[in-house]
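Trainee: Right, I'll just put the structure down here and ask away after.
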Amino acid sequence: QVQLVESGGGSVQTGGSLRLSCAVSGLLNDRYCMAWFRQAPGKEREGVAVEPTGTEITLYAKTVKGRFTISQDRDNGNPVVYLQMNSLKPEDSGMYYCAAVRARYTACTMDQDGYNLWGQGTQVTVSS
């Protein structure tokens, strides 16, 4: 059974930084798209960053490019996906979700409908 568990959310002031983590377990030995999404109250969920497993190819939303960095590591053989968030703004506030989809032959995108594995989310609040 696949599990994605996010952590690292919290409250910071404008200009601050946070590092989110997503501990993943249960993945098959294959290529997966790993992504971070966020959802603010009253707004649709939006893609933030994507990185396929085993690569350093990244894709970012325009609103976070240059401020956020997605990266991966391994813990006891299981992937851990990070989202380093710098120069945070109030509009970055929301629930942040880690997501994954097995994708051996397809490109990774930030379309949430393309992801079938989701974590429970971690809250980020940026105050002005």
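Just so we're on the same page: first chain in the structure tokens is A, next is B, and so on; residues restart at 1 for each chain, and ligands are numbered from 1 in the order they show up.
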Show which residues sit within 10 Å of Asp73 in chain A, as a JSON list (two decimals) with N, CA, C and O atoms, in the first residue's frame. Count only C-alpha atoms, and ignore same-chain residues fewer than 5 positions away.

Mentor:
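Dumped everything to result_7.json:
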```json
[["chain", "number", "residue", "atom", "x", "y", "z"],
["A", 23, "ALA", "N", 7.30, 11.92, 2.95],
["A", 23, "ALA", "CA", 7.86, 10.58, 3.08],
["A", 23, "ALA", "C", 6.97, 9.61, 2.33],
["A", 23, "ALA", "O", 5.77, 9.53, 2.59],
["A", 53, "THR", "N", 10.87, 10.72, -10.29],
["A", 53, "THR", "CA", 11.82, 10.01, -9.45],
["A", 53, "THR", "C", 13.07, 9.66, -10.24],
["A", 53, "THR", "O", 13.02, 9.36, -11.43],
["A", 54, "GLY", "N", 14.20, 9.74, -9.58],
["A", 54, "GLY", "CA", 15.46, 9.37, -10.19],
["A", 54, "GLY", "C", 16.00, 10.38, -11.19],
["A", 54, "GLY", "O", 16.95, 10.08, -11.91],
["A", 78, "ASN", "N", 13.36, 4.29, 0.48],
["A", 78, "ASN", "CA", 12.11, 4.95, 0.08],
["A", 78, "ASN", "C", 12.37, 6.41, -0.25],
["A", 78, "ASN", "O", 13.16, 7.07, 0.41],
["A", 79, "PRO", "N", 11.68, 6.92, -1.25],
["A", 79, "PRO", "CA", 11.89, 8.32, -1.62],
["A", 79, "PRO", "C", 11.34, 9.29, -0.57],
["A", 79, "PRO", "O", 10.33, 9.00, 0.10],
["A", 80, "VAL", "N", 12.03, 10.39, -0.44],
["A", 80, "VAL", "CA", 11.54, 11.53, 0.33],
["A", 80, "VAL", "C", 11.58, 12.72, -0.62],
["A", 80, "VAL", "O", 12.62, 12.98, -1.23],
["A", 81, "VAL", "N", 10.48, 13.40, -0.75],
["A", 81, "VAL", "CA", 10.39, 14.54, -1.66],
["A", 81, "VAL", "C", 10.30, 15.80, -0.81],
["A", 81, "VAL", "O", 9.48, 15.88, 0.11],
["A", 82, "TYR", "N", 11.12, 16.77, -1.15],
["A", 82, "TYR", "CA", 11.17, 18.01, -0.40],
["A", 82, "TYR", "C", 10.65, 19.17, -1.26],
["A", 82, "TYR", "O", 10.74, 19.15, -2.48]]
```

Trainee: Any idea what the distance is between CA of Met95 in chain A and CA of Thr125 in chain A?

Mentor: 8.6 Å

Trainee: Could you list, as a PyMOL selection string, every residue within 7 Å of Trp118 in chain A, counting only C-alpha atoms and ignoring same-chain residues fewer than 6 positions away?

Mentor: chain A and resi 4+97-100

Trainee: Excluding Gly94 in chain A and residues on its chain fewer than 4 positions from it, collect all residues at most 12 Å away from it, counting only C-alpha atoms, and give them as a VMD selection string.

Mentor: chain A and resid 9 to 11 37 to 46 48 88 to 90 121 to 127

Trainee: Give me a file of those residues, with N, CA, C and O atoms, as a CSV table (one decimal), in the first residue's frame.

Mentor:
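Wrote selection10.csv, looks like this:
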```csv
chain,number,residue,atom,x,y,z
A,9,GLY,N,5.0,21.9,7.5
A,9,GLY,CA,4.2,23.1,7.4
A,9,GLY,C,4.2,23.9,8.7
A,9,GLY,O,4.7,23.5,9.7
A,10,GLY,N,3.7,25.1,8.6
A,10,GLY,CA,3.7,26.0,9.7
A,10,GLY,C,3.4,27.4,9.4
A,10,GLY,O,2.9,27.7,8.3
A,11,SER,N,3.6,28.3,10.3
A,11,SER,CA,3.3,29.7,10.1
A,11,SER,C,4.6,30.5,10.1
A,11,SER,O,5.4,30.4,11.0
A,37,PHE,N,1.3,20.1,-4.7
A,37,PHE,CA,0.1,20.9,-5.1
A,37,PHE,C,-0.2,21.7,-3.9
A,37,PHE,O,0.2,21.4,-2.7
A,38,ARG,N,-1.0,22.8,-4.1
A,38,ARG,CA,-1.5,23.5,-2.9
A,38,ARG,C,-2.9,24.0,-3.2
A,38,ARG,O,-3.3,24.1,-4.4
A,39,GLN,N,-3.6,24.3,-2.1
A,39,GLN,CA,-5.0,24.7,-2.3
A,39,GLN,C,-5.3,25.8,-1.2
A,39,GLN,O,-5.2,25.5,0.0
A,40,ALA,N,-5.6,27.0,-1.6
A,40,ALA,CA,-6.0,28.0,-0.7
A,40,ALA,C,-7.5,28.0,-0.5
A,40,ALA,O,-8.2,27.5,-1.4
A,41,PRO,N,-8.0,28.5,0.6
A,41,PRO,CA,-9.5,28.5,0.9
A,41,PRO,C,-10.2,29.2,-0.2
A,41,PRO,O,-9.8,30.3,-0.6
A,42,GLY,N,-11.2,28.5,-0.7
A,42,GLY,CA,-12.1,29.1,-1.8
A,42,GLY,C,-11.5,29.0,-3.2
A,42,GLY,O,-12.0,29.5,-4.1
A,43,LYS,N,-10.3,28.4,-3.3
A,43,LYS,CA,-9.6,28.3,-4.6
A,43,LYS,C,-9.4,26.9,-5.0
A,43,LYS,O,-9.4,26.0,-4.2
A,44,GLU,N,-9.2,26.7,-6.3
A,44,GLU,CA,-8.9,25.4,-6.8
A,44,GLU,C,-7.5,24.9,-6.4
A,44,GLU,O,-6.6,25.8,-6.3
A,45,ARG,N,-7.3,23.6,-6.4
A,45,ARG,CA,-6.0,23.1,-6.1
A,45,ARG,C,-5.1,23.4,-7.3
A,45,ARG,O,-5.5,23.2,-8.5
A,46,GLU,N,-3.9,23.8,-7.1
A,46,GLU,CA,-3.0,24.1,-8.2
A,46,GLU,C,-1.6,23.4,-8.0
A,46,GLU,O,-1.2,23.2,-6.9
A,48,VAL,N,2.3,23.1,-8.0
A,48,VAL,CA,3.4,24.0,-7.6
A,48,VAL,C,4.7,23.5,-8.2
A,48,VAL,O,5.5,24.3,-8.8
A,88,LEU,N,8.7,33.6,1.1
A,88,LEU,CA,7.3,33.3,1.1
A,88,LEU,C,6.5,34.6,1.1
A,88,LEU,O,6.8,35.6,1.7
A,89,LYS,N,5.3,34.5,0.5
A,89,LYS,CA,4.3,35.6,0.4
A,89,LYS,C,3.0,35.1,1.0
A,89,LYS,O,2.7,33.9,1.0
A,90,PRO,N,2.2,36.1,1.4
A,90,PRO,CA,0.9,35.6,1.9
A,90,PRO,C,0.1,34.8,0.9
A,90,PRO,O,-0.7,33.9,1.3
A,121,GLY,N,-1.8,16.3,3.4
A,121,GLY,CA,-1.6,17.7,3.3
A,121,GLY,C,-1.0,18.2,4.6
A,121,GLY,O,-1.1,17.7,5.7
A,122,THR,N,-0.3,19.4,4.4
A,122,THR,CA,0.3,20.1,5.5
A,122,THR,C,0.0,21.6,5.3
A,122,THR,O,0.1,22.1,4.2
A,123,GLN,N,-0.4,22.3,6.4
A,123,GLN,CA,-0.8,23.7,6.2
A,123,GLN,C,0.4,24.6,6.3
A,123,GLN,O,1.2,24.5,7.1
A,124,VAL,N,0.3,25.6,5.4
A,124,VAL,CA,1.3,26.7,5.3
A,124,VAL,C,0.6,28.0,5.4
A,124,VAL,O,-0.4,28.2,4.7
A,125,THR,N,1.0,28.8,6.4
A,125,THR,CA,0.4,30.1,6.6
A,125,THR,C,1.4,31.2,6.6
A,125,THR,O,2.4,31.1,7.4
A,126,VAL,N,1.3,32.1,5.7
A,126,VAL,CA,2.3,33.2,5.6
A,126,VAL,C,1.5,34.5,5.9
A,126,VAL,O,0.6,34.9,5.3
A,127,SER,N,2.0,35.2,7.0
A,127,SER,CA,1.4,36.4,7.4
A,127,SER,C,2.2,37.6,6.9
A,127,SER,O,3.4,37.6,6.8
```

Trainee: Within 12 Å of Glu56 in chain A, counting only C-alpha atoms, which residues qualify if same-chain residues fewer than 6 places away don't, as a CSV table (one decimal) with N, CA and C atoms, in the first residue's frame?

Mentor:
```csv
chain,number,residue,atom,x,y,z
A,33,CYS,N,6.0,10.2,-11.2
A,33,CYS,CA,6.0,11.7,-11.2
A,33,CYS,C,5.7,12.0,-9.7
A,34,MET,N,6.6,12.8,-9.1
A,34,MET,CA,6.3,13.3,-7.7
A,34,MET,C,6.0,14.8,-7.8
A,50,VAL,N,7.0,19.8,-9.8
A,50,VAL,CA,7.0,18.4,-10.2
A,50,VAL,C,8.4,17.9,-10.5
A,69,THR,N,12.0,25.2,-4.5
A,69,THR,CA,12.9,24.1,-5.1
A,69,THR,C,12.4,22.8,-4.6
A,70,ILE,N,12.1,21.9,-5.6
A,70,ILE,CA,11.7,20.5,-5.3
A,70,ILE,C,12.9,19.7,-5.5
A,71,SER,N,13.1,18.7,-4.6
A,71,SER,CA,14.2,17.8,-4.6
A,71,SER,C,13.8,16.5,-4.0
A,72,GLN,N,14.7,15.5,-4.2
A,72,GLN,CA,14.4,14.1,-3.7
A,72,GLN,C,15.6,13.6,-3.0
A,73,ASP,N,15.3,12.7,-2.1
A,73,ASP,CA,16.4,11.9,-1.4
A,73,ASP,C,15.8,10.5,-1.1
A,81,VAL,N,10.5,13.4,-0.7
A,81,VAL,CA,10.4,14.5,-1.7
A,81,VAL,C,10.3,15.8,-0.8
```

Trainee: What is the distance, in Å and to one decimal place, between CA of Ser87 in chain A and CA of Ile57 in chain A?

Mentor: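 Atom-to-atom, CA of Ser87 in chain A to CA of Ile57 in chain A, that is 22.5 Å.
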
Trainee: If DSSP is run on the backbone, what residues of chain A are helix (DSSP H, G or I)? A reply as a PyMOL selection string would be ideal.

Mentor: chain A and resi 90-92+112-114

Trainee: How many Å separate CA of Tyr115 in chain A from CA of Thr55 in chain A?

Mentor: 18.3 Å

Trainee: Have a look at A:Ala61, A:Ala103, A:Leu83, A:Cys108 and name the one nearest to Ser21 in chain A; count only C-alpha atoms.

Mentor: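 Checking each candidate against Ser21 in chain A, we get A:Leu83 as the closest.
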
Trainee: From the options A:Val5, A:Val12, A:Leu18, A:Ala49, which residue's atoms come nearest to Gln84 in chain A, counting only C-alpha atoms?

Mentor: A:Leu18

Trainee: Using only C-alpha atoms, which of the listed residues (A:Glu6, A:Asp30, A:Asp92, A:Glu51) sits closest to Ala107 in chain A?

Mentor: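 Checking each of A:Glu6, A:Asp30, A:Asp92, A:Glu51 against Ala107 in chain A, counting only C-alpha atoms, the winner is A:Glu51.
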